[in-house]
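Chemist: If it helps, the file is called query06.txt and holds compact mmCIF, C-alpha atoms:
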# COMPACT_ATOMS: atom_id res chain seq x y z
CA MET M 1 268.63 69.68 175.42
CA HIS M 2 266.93 66.35 174.61
CA ALA M 3 263.80 67.51 176.48
CA LEU M 4 263.63 70.61 174.29
CA ALA M 5 263.57 68.46 171.13
CA ASN M 6 259.82 68.14 171.71
CA PRO M 7 258.24 71.13 169.83
CA ALA M 8 255.45 71.74 172.41
CA ARG M 9 257.93 71.72 175.31
CA PHE M 10 260.32 73.88 173.29
CA LEU M 11 257.61 76.52 172.71
CA ARG M 12 256.87 76.74 176.45
CA PHE M 13 260.55 77.62 176.95
CA ALA M 14 260.97 79.75 173.78
CA LYS M 15 258.14 82.24 174.32
CA PRO M 16 259.48 83.85 177.55
CA ALA M 17 263.12 83.28 176.48
CA THR M 18 262.62 85.35 173.28
CA ALA M 19 261.46 88.40 175.25
CA TRP M 20 264.21 88.06 177.86
CA LEU M 21 266.94 87.68 175.24
CA LEU M 22 265.65 90.74 173.34
CA VAL M 23 265.60 92.96 176.43
CA ILE M 24 268.97 91.79 177.83
CA GLY M 25 270.53 91.92 174.34
CA LEU M 26 269.37 95.47 173.63
CA VAL M 27 270.51 96.76 177.06
CA PHE M 28 273.98 95.15 176.84
CA ALA M 29 274.58 95.98 173.14
CA ILE M 30 273.55 99.64 173.53
CA CYS M 31 275.45 100.13 176.83
CA GLY M 32 278.54 98.40 175.39
CA ALA M 33 278.43 100.52 172.23
CA ILE M 34 278.02 103.78 174.17
CA ALA M 35 280.86 102.78 176.53
CA GLY M 36 283.05 101.79 173.58
CA LEU M 37 282.40 105.08 171.80
CA THR M 38 282.71 107.46 174.74
CA LEU M 39 284.34 105.98 177.86
CA THR M 40 287.51 104.26 176.60
CA PRO M 41 290.77 105.96 175.59
CA PRO M 42 292.00 105.84 171.96
CA ASP M 43 294.65 103.22 171.18
CA TYR M 44 298.25 104.50 171.08
CA LEU M 45 298.75 103.09 167.56
CA GLN M 46 295.32 102.90 165.91
CA GLY M 47 293.79 105.94 167.60
CA GLU M 48 289.98 106.22 167.54
CA THR M 49 289.47 103.46 164.93
CA VAL M 50 290.08 100.84 167.65
CA ARG M 51 286.45 101.49 168.72
CA ILE M 52 285.29 99.42 165.71
CA MET M 53 286.57 96.39 167.70
CA TYR M 54 283.48 96.47 169.99
CA ILE M 55 281.19 95.53 167.11
CA HIS M 56 283.63 93.73 164.79
CA VAL M 57 284.74 91.09 167.33
CA PRO M 58 281.18 90.09 168.45
CA SER M 59 280.05 89.83 164.81
CA ALA M 60 283.08 87.63 163.95
CA TRP M 61 282.34 85.39 166.97
CA LEU M 62 278.64 85.11 166.05
CA GLY M 63 279.37 84.47 162.36
CA MET M 64 281.50 81.48 163.41
CA ALA M 65 279.32 80.37 166.36
CA GLY M 66 276.30 80.37 164.03
CA TRP M 67 277.93 77.77 161.80
CA GLY M 68 279.00 75.84 164.91
CA GLY M 69 275.29 75.75 165.84
CA ILE M 70 274.38 74.57 162.34
CA ALA M 71 276.98 71.78 162.57
CA ALA M 72 275.60 70.70 165.99
CA ALA M 73 272.04 70.75 164.62
CA SER M 74 273.19 68.71 161.60
CA ILE M 75 274.73 66.04 163.87
CA SER M 76 271.52 65.96 165.97
CA GLN M 77 269.46 65.53 162.84
CA LEU M 78 271.63 62.88 161.18
CA VAL M 79 272.44 60.84 164.31
CA TRP M 80 269.48 61.27 166.69
CA ARG M 81 266.83 62.49 164.21
CA HIS M 82 265.67 65.24 166.57
CA PRO M 83 262.45 66.76 165.20
CA LEU M 84 263.69 70.31 165.90
CA ALA M 85 267.24 69.92 164.55
CA SER M 86 266.59 70.84 160.91
CA VAL M 87 264.32 73.72 161.99
CA ALA M 88 267.07 75.02 164.32
CA GLY M 89 269.67 74.77 161.55
CA ARG M 90 267.51 76.67 159.06
CA ALA M 91 266.66 79.31 161.71
CA THR M 92 270.33 79.87 162.62
CA ALA M 93 271.53 80.46 159.04
CA PRO M 94 270.05 83.96 158.38
CA ALA M 95 271.36 85.25 161.74
CA GLY M 96 274.81 83.74 161.09
CA ALA M 97 274.89 85.18 157.55
CA THR M 98 273.92 88.64 158.85
CA PHE M 99 276.71 88.65 161.45
CA ALA M 100 279.25 87.27 158.95
CA ALA M 101 278.28 90.17 156.63
CA ILE M 102 278.58 92.68 159.50
CA CYS M 103 282.02 91.23 160.31
CA LEU M 104 283.19 91.57 156.70
CA MET M 105 281.83 95.12 156.29
CA THR M 106 283.09 96.49 159.62
CA GLY M 107 286.45 94.77 159.04
CA SER M 108 286.72 96.40 155.63
CA ILE M 109 285.84 99.82 157.11
CA TRP M 110 288.43 99.25 159.89
CA GLY M 111 291.03 98.19 157.31
CA ARG M 112 290.88 101.40 155.25
CA PRO M 113 292.32 103.81 157.89
CA THR M 114 294.47 101.10 159.59
CA TRP M 115 296.00 99.18 156.66
CA GLY M 116 295.32 101.71 153.89
CA THR M 117 293.07 99.28 151.97
CA TRP M 118 289.41 98.21 152.04
CA TRP M 119 290.18 94.61 151.14
CA GLU M 120 293.12 92.21 150.90
CA TRP M 121 293.01 88.53 149.90
CA ASP M 122 294.44 87.64 153.30
CA GLY M 123 293.79 84.22 154.89
CA ARG M 124 291.40 85.49 157.60
CA LEU M 125 289.41 87.81 155.31
CA THR M 126 289.10 85.25 152.53
CA SER M 127 288.04 82.39 154.85
CA MET M 128 285.42 84.67 156.45
CA LEU M 129 284.10 85.57 152.98
CA VAL M 130 283.90 81.83 152.20
CA LEU M 131 281.85 81.39 155.41
CA PHE M 132 279.42 84.07 154.23
CA PHE M 133 278.98 82.27 150.88
CA LEU M 134 278.52 78.96 152.73
CA TYR M 135 275.65 80.56 154.66
CA LEU M 136 274.02 81.71 151.41
CA GLY M 137 274.39 78.19 149.99
CA TYR M 138 272.93 76.64 153.16
CA ILE M 139 269.92 79.01 153.11
CA ALA M 140 269.24 78.29 149.42
CA LEU M 141 269.65 74.53 149.88
CA GLY M 142 267.48 74.49 153.03
CA SER M 143 264.57 76.33 151.42
CA ALA M 144 264.82 74.29 148.19
CA GLU M 145 264.79 71.02 150.14
CA ARG M 146 261.86 72.19 152.26
CA GLU M 147 259.82 73.17 149.18
CA ARG M 148 260.43 69.71 147.73
CA GLY M 149 259.26 68.17 151.01
CA GLY M 150 262.64 66.61 151.79
CA GLY M 151 263.76 65.77 155.31
CA GLY M 152 266.70 68.17 155.20
CA ARG M 153 269.39 65.45 155.08
CA ILE M 154 271.33 67.05 152.19
CA THR M 155 271.26 70.42 153.97
CA ALA M 156 272.50 68.75 157.18
CA ILE M 157 275.39 67.09 155.33
CA PHE M 158 276.25 70.48 153.76
CA GLY M 159 276.18 72.00 157.28
CA LEU M 160 278.63 69.38 158.55
CA VAL M 161 281.00 69.66 155.57
CA GLY M 162 280.98 73.48 155.84
CA ALA M 163 282.22 73.23 159.45
CA ILE M 164 285.67 72.40 158.00
CA ASN M 165 285.96 76.15 157.37
CA LEU M 166 285.74 77.02 161.11
CA PRO M 167 289.26 75.84 162.14
CA ILE M 168 290.57 77.37 158.89
CA ILE M 169 289.17 80.78 159.94
CA HIS M 170 290.48 80.38 163.49
CA TYR M 171 294.03 79.31 162.57
CA SER M 172 294.32 81.43 159.39
CA VAL M 173 296.19 84.17 161.27
CA LEU M 174 298.79 81.59 162.39
CA TRP M 175 299.07 79.64 159.11
CA TRP M 176 299.25 82.66 156.76
CA ARG M 177 300.85 85.63 158.48
CA THR M 178 299.69 88.40 156.15
CA LEU M 179 297.75 91.56 156.96
CA HIS M 180 295.22 90.57 159.66
CA GLN M 181 296.62 90.75 163.17
CA GLY M 182 297.24 87.56 165.16
CA GLU M 183 295.07 86.33 168.00
CA SER M 184 294.83 89.07 170.65
CA ILE M 185 292.00 87.64 172.79
CA GLY M 186 292.28 84.04 174.03
CA LEU M 187 290.64 81.91 176.69
CA THR M 188 293.45 82.57 179.16
CA GLY M 189 293.97 86.29 178.60
CA SER M 190 294.35 89.18 176.21
CA THR M 191 297.15 91.35 174.85
CA ILE M 192 294.76 94.34 174.80
CA ASP M 193 294.96 96.72 177.75
CA GLY M 194 292.08 96.46 180.25
CA SER M 195 291.22 100.16 179.91
CA ILE M 196 290.30 99.54 176.25
CA LEU M 197 289.01 95.96 176.56
CA TRP M 198 286.27 96.26 179.24
CA PRO M 199 283.25 97.26 177.00
CA LEU M 200 283.90 94.26 174.72
CA PRO M 201 282.23 91.66 177.04
CA LEU M 202 279.15 93.92 177.14
CA THR M 203 278.74 93.98 173.34
CA MET M 204 279.65 90.26 173.14
CA ILE M 205 276.81 89.39 175.57
CA GLY M 206 274.43 91.89 173.98
CA PHE M 207 274.82 90.77 170.36
CA THR M 208 274.86 87.09 171.41
CA CYS M 209 271.48 87.55 173.15
CA LEU M 210 270.07 89.36 170.09
CA PHE M 211 271.35 86.52 167.88
CA GLY M 212 269.61 84.02 170.19
CA ALA M 213 266.36 86.03 170.06
CA ALA M 214 266.44 86.14 166.24
CA VAL M 215 267.01 82.35 166.09
CA LEU M 216 264.18 81.62 168.56
CA MET M 217 261.76 83.85 166.61
CA ARG M 218 262.63 82.06 163.35
CA ILE M 219 262.16 78.64 164.98
CA ARG M 220 258.75 79.75 166.30
CA ALA M 221 257.78 80.99 162.81
CA ASP M 222 258.89 77.71 161.24
CA LEU M 223 256.94 75.62 163.80
CA ALA M 224 253.79 77.73 163.31
CA GLU M 225 254.09 77.41 159.50
CA ALA M 226 254.50 73.63 159.84
CA LYS M 227 251.37 73.53 162.03
CA VAL M 228 249.38 75.47 159.39
CA GLU M 229 250.64 73.21 156.57
CA ALA M 230 249.75 70.04 158.53
CA ARG M 231 246.23 71.33 159.33
CA MET M 232 245.65 72.39 155.69
CA ARG M 233 246.69 68.89 154.54
CA ARG M 234 244.29 67.28 157.02
CA MET M 235 241.47 69.61 155.91
CA GLY M 236 242.21 68.78 152.26
CA GLN M 237 242.03 65.03 152.95
CA SER M 238 238.71 65.17 154.84
CA MET X 1 292.63 110.90 157.98
CA ASN X 2 289.63 111.66 160.21
CA PRO X 3 288.73 108.29 161.86
CA TRP X 4 285.20 109.21 163.00
CA PRO X 5 283.38 108.72 159.65
CA PHE X 6 284.78 105.15 159.59
CA VAL X 7 283.79 104.46 163.21
CA THR X 8 280.29 105.92 162.66
CA ALA X 9 279.76 103.94 159.45
CA ALA X 10 280.82 100.67 161.13
CA TYR X 11 278.42 101.18 164.07
CA ALA X 12 275.57 102.26 161.76
CA ILE X 13 275.98 99.14 159.60
CA ALA X 14 276.11 96.84 162.64
CA PHE X 15 272.99 98.29 164.29
CA VAL X 16 270.95 98.69 161.07
CA LEU X 17 271.63 95.10 159.92
CA THR X 18 270.95 93.69 163.42
CA ALA X 19 267.68 95.65 163.62
CA ALA X 20 266.68 94.41 160.13
CA LEU X 21 267.45 90.80 161.15
CA LEU X 22 265.34 91.09 164.33
CA LEU X 23 262.48 92.90 162.60
CA ARG X 24 262.27 90.34 159.81
CA ALA X 25 262.33 87.45 162.28
CA TYR X 26 259.69 89.16 164.45
CA VAL X 27 257.34 89.88 161.51
CA SER X 28 257.58 86.33 160.12
CA MET X 29 257.00 84.88 163.62
CA ARG X 30 253.93 87.08 164.30
CA ARG X 31 252.48 86.36 160.85
CA ALA X 32 252.98 82.59 161.13
CA GLU X 33 251.66 82.38 164.71
CA ALA X 34 248.60 84.52 163.81
CA ALA X 35 247.83 82.20 160.87
CA ALA X 36 248.20 79.12 163.08
CA ASN X 37 245.91 80.61 165.77
CA ALA X 38 243.29 81.66 163.19
CA LEU X 39 243.22 78.15 161.75
CA LYS X 40 242.90 76.66 165.25
CA ARG X 41 239.84 78.83 165.97
CA GLN X 42 238.06 77.63 162.77
Take the structure in this file and express it as structure tokens.
Modeler:
Amino acid sequence: MHALANPARFLRFAKPATAWLLVIGLVFAICGAIAGLTLTPPDYLQGETVRIMYIHVPSAWLGMAGWGGIAAASISQLVWRHPLASVAGRATAPAGATFAAICLMTGSIWGRPTWGTWWEWDGRLTSMLVLFFLYLGYIALGSAERERGGGGRITAIFGLVGAINLPIIHYSVLWWRTLHQGESIGLTGSTIDGSILWPLPLTMIGFTCLFGAAVLMRIRADLAEAKVEARMRRMGQS
Amino acid sequence: MNPWPFVTAAYAIAFVLTAALLLRAYVSMRRAEAAANALKRQ
């Protein structure tokens, strides 16, 4: 990871990685979605609506993982002053915000036929909505600081402070037992039957690769813009 | 209640928003890299 902090070295890795992530992501996401829609049986309780799980769970994971990435980039920037850390943080935010929004919307759509309501101020739903607003704040702060020519320190501190919300989202279903179901997929196993669960890893891998491709493309755009700005400054001075 | 309109809407939202995210990132990357290459050639 330290070797990739050099922008030139990073670009040599990022160019082929972007294409690979896009191809693998599209294949896995589309295959997983088709399998989830056509090859699995309906749930005995929820019926056909359980199929929303194959897109809702990956988007929830990526919404949270995105902020985890921002927090890691913030630490790298504040502690080690990696030249790519602030760029990586800014590039991760739009992808994280998009998947947090997908999670909220698909969850709301799933809630209507399952719970009988589009929205409830439940611990999990509310903390996820807070995460979405944190993303919007991070994006606004990052672009404002960049326009002012700042080093991105305030944005990095905001990224670290916002990470407090991640354990709140994770444990919300244990702390406030309201409408959202408890944890059904853990590191050691799952309470969901294998006949329904199997397409989920496909969509998890697929959307994660697409998330990675979007982040790499944004980092490449940011680095190219920085190169143009630096050259324009040099041309203006000479 | 027919569940399929809900399932279809959820999948449509997920794929449309993901495609929009990727397209926007791709366009901004191509534009920025083209500008950087053009400046390098000058």
Chemist: Go ahead and fit an axis-aligned box to every listed atom of segment 69-74 of chain M plus 6 Å each side, and pass me the centre and edge lengths in Å, one decimal, as lines of an AutoDock Vina configuration file.
Modeler:
center_x = 274.5
center_y = 72.2
center_z = 163.8
size_x = 16.9
size_y = 19.0
size_z = 16.4
Chemist: For chain M, work out the contacting residues on chain X at 8 Å, counting only C-alpha atoms, and write them as a PyMOL selection string.
Modeler: chain X and resi 1+3-4+6-7+9-11+13-14+17-18+21-22+25-26+28-33+35-36+39
Chemist: Mind checking which residues fall within 10 Å of Pro7 of chain M, counting only C-alpha atoms, ignoring those fewer than 4 positions away in the same chain, and posting them as an MDAnalysis selection string?
Modeler: chainID M and resid 3 11:14 83:84 219:220 223
Chemist: Generate the output file for the selected residues, C-alpha atoms, as a PDB file, keeping the file's coordinate frame.
Modeler:
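This is the output file result.pdb:
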ATOM      1  CA  ALA M   3     263.800  67.510 176.480  1.00  0.00           C
ATOM      2  CA  LEU M  11     257.610  76.520 172.710  1.00  0.00           C
ATOM      3  CA  ARG M  12     256.870  76.740 176.450  1.00  0.00           C
ATOM      4  CA  PHE M  13     260.550  77.620 176.950  1.00  0.00           C
ATOM      5  CA  ALA M  14     260.970  79.750 173.780  1.00  0.00           C
ATOM      6  CA  PRO M  83     262.450  66.760 165.200  1.00  0.00           C
ATOM      7  CA  LEU M  84     263.690  70.310 165.900  1.00  0.00           C
ATOM      8  CA  ILE M 219     262.160  78.640 164.980  1.00  0.00           C
ATOM      9  CA  ARG M 220     258.750  79.750 166.300  1.00  0.00           C
ATOM     10  CA  LEU M 223     256.940  75.620 163.800  1.00  0.00           C
TER      11      LEU M 223
END
Chemist: Any idea what the distance is between atom CA of Val23 of chain M and atom CA of Phe15 of chain X?
Modeler: 15.2 Å
Chemist: Kindly give the distance, in Å, that separates atom CA of Thr117 of chain M and atom CA of Glu183 of chain M, rounded to a single decimal.
Modeler: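 Distance between the two atoms: 20.7 Å.
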Chemist: Please rebuild segment 215-229 of chain M with N, CA, C and O atoms and give the result as a JSON list (two decimals), keeping the file's coordinate frame.
Modeler:
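So part.json came out as:
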[["chain", "number", "residue", "atom", "x", "y", "z"],
["M", 215, "VAL", "N", 267.12, 83.79, 166.39],
["M", 215, "VAL", "CA", 267.01, 82.35, 166.09],
["M", 215, "VAL", "C", 265.72, 81.78, 166.67],
["M", 215, "VAL", "O", 264.98, 81.05, 165.98],
["M", 216, "LEU", "N", 265.41, 82.13, 167.93],
["M", 216, "LEU", "CA", 264.18, 81.62, 168.56],
["M", 216, "LEU", "C", 262.94, 82.09, 167.80],
["M", 216, "LEU", "O", 262.00, 81.32, 167.60],
["M", 217, "MET", "N", 262.93, 83.34, 167.35],
["M", 217, "MET", "CA", 261.76, 83.85, 166.61],
["M", 217, "MET", "C", 261.59, 83.10, 165.29],
["M", 217, "MET", "O", 260.48, 82.78, 164.88],
["M", 218, "ARG", "N", 262.72, 82.80, 164.62],
["M", 218, "ARG", "CA", 262.63, 82.06, 163.35],
["M", 218, "ARG", "C", 262.17, 80.62, 163.57],
["M", 218, "ARG", "O", 261.42, 80.08, 162.77],
["M", 219, "ILE", "N", 262.62, 80.01, 164.67],
["M", 219, "ILE", "CA", 262.16, 78.64, 164.98],
["M", 219, "ILE", "C", 260.65, 78.65, 165.24],
["M", 219, "ILE", "O", 259.91, 77.81, 164.74],
["M", 220, "ARG", "N", 260.19, 79.65, 166.00],
["M", 220, "ARG", "CA", 258.75, 79.75, 166.30],
["M", 220, "ARG", "C", 257.95, 79.94, 165.02],
["M", 220, "ARG", "O", 256.88, 79.36, 164.85],
["M", 221, "ALA", "N", 258.47, 80.77, 164.09],
["M", 221, "ALA", "CA", 257.78, 80.99, 162.81],
["M", 221, "ALA", "C", 257.71, 79.69, 162.01],
["M", 221, "ALA", "O", 256.66, 79.33, 161.47],
["M", 222, "ASP", "N", 258.81, 78.97, 161.99],
["M", 222, "ASP", "CA", 258.89, 77.71, 161.24],
["M", 222, "ASP", "C", 257.91, 76.68, 161.81],
["M", 222, "ASP", "O", 257.20, 76.00, 161.06],
["M", 223, "LEU", "N", 257.85, 76.59, 163.16],
["M", 223, "LEU", "CA", 256.94, 75.62, 163.80],
["M", 223, "LEU", "C", 255.48, 75.98, 163.53],
["M", 223, "LEU", "O", 254.65, 75.10, 163.27],
["M", 224, "ALA", "N", 255.17, 77.29, 163.57],
["M", 224, "ALA", "CA", 253.79, 77.73, 163.31],
["M", 224, "ALA", "C", 253.42, 77.45, 161.85],
["M", 224, "ALA", "O", 252.31, 76.99, 161.56],
["M", 225, "GLU", "N", 254.36, 77.69, 160.92],
["M", 225, "GLU", "CA", 254.09, 77.41, 159.50],
["M", 225, "GLU", "C", 253.85, 75.91, 159.28],
["M", 225, "GLU", "O", 252.95, 75.52, 158.53],
["M", 226, "ALA", "N", 254.66, 75.09, 159.97],
["M", 226, "ALA", "CA", 254.50, 73.63, 159.84],
["M", 226, "ALA", "C", 253.13, 73.20, 160.36],
["M", 226, "ALA", "O", 252.49, 72.32, 159.78],
["M", 227, "LYS", "N", 252.69, 73.85, 161.45],
["M", 227, "LYS", "CA", 251.37, 73.53, 162.03],
["M", 227, "LYS", "C", 250.26, 73.87, 161.02],
["M", 227, "LYS", "O", 249.32, 73.10, 160.83],
["M", 228, "VAL", "N", 250.39, 75.04, 160.38],
["M", 228, "VAL", "CA", 249.38, 75.47, 159.39],
["M", 228, "VAL", "C", 249.36, 74.49, 158.21],
["M", 228, "VAL", "O", 248.29, 74.04, 157.78],
["M", 229, "GLU", "N", 250.55, 74.14, 157.72],
["M", 229, "GLU", "CA", 250.64, 73.21, 156.57],
["M", 229, "GLU", "C", 250.00, 71.86, 156.91],
["M", 229, "GLU", "O", 249.25, 71.29, 156.11]]
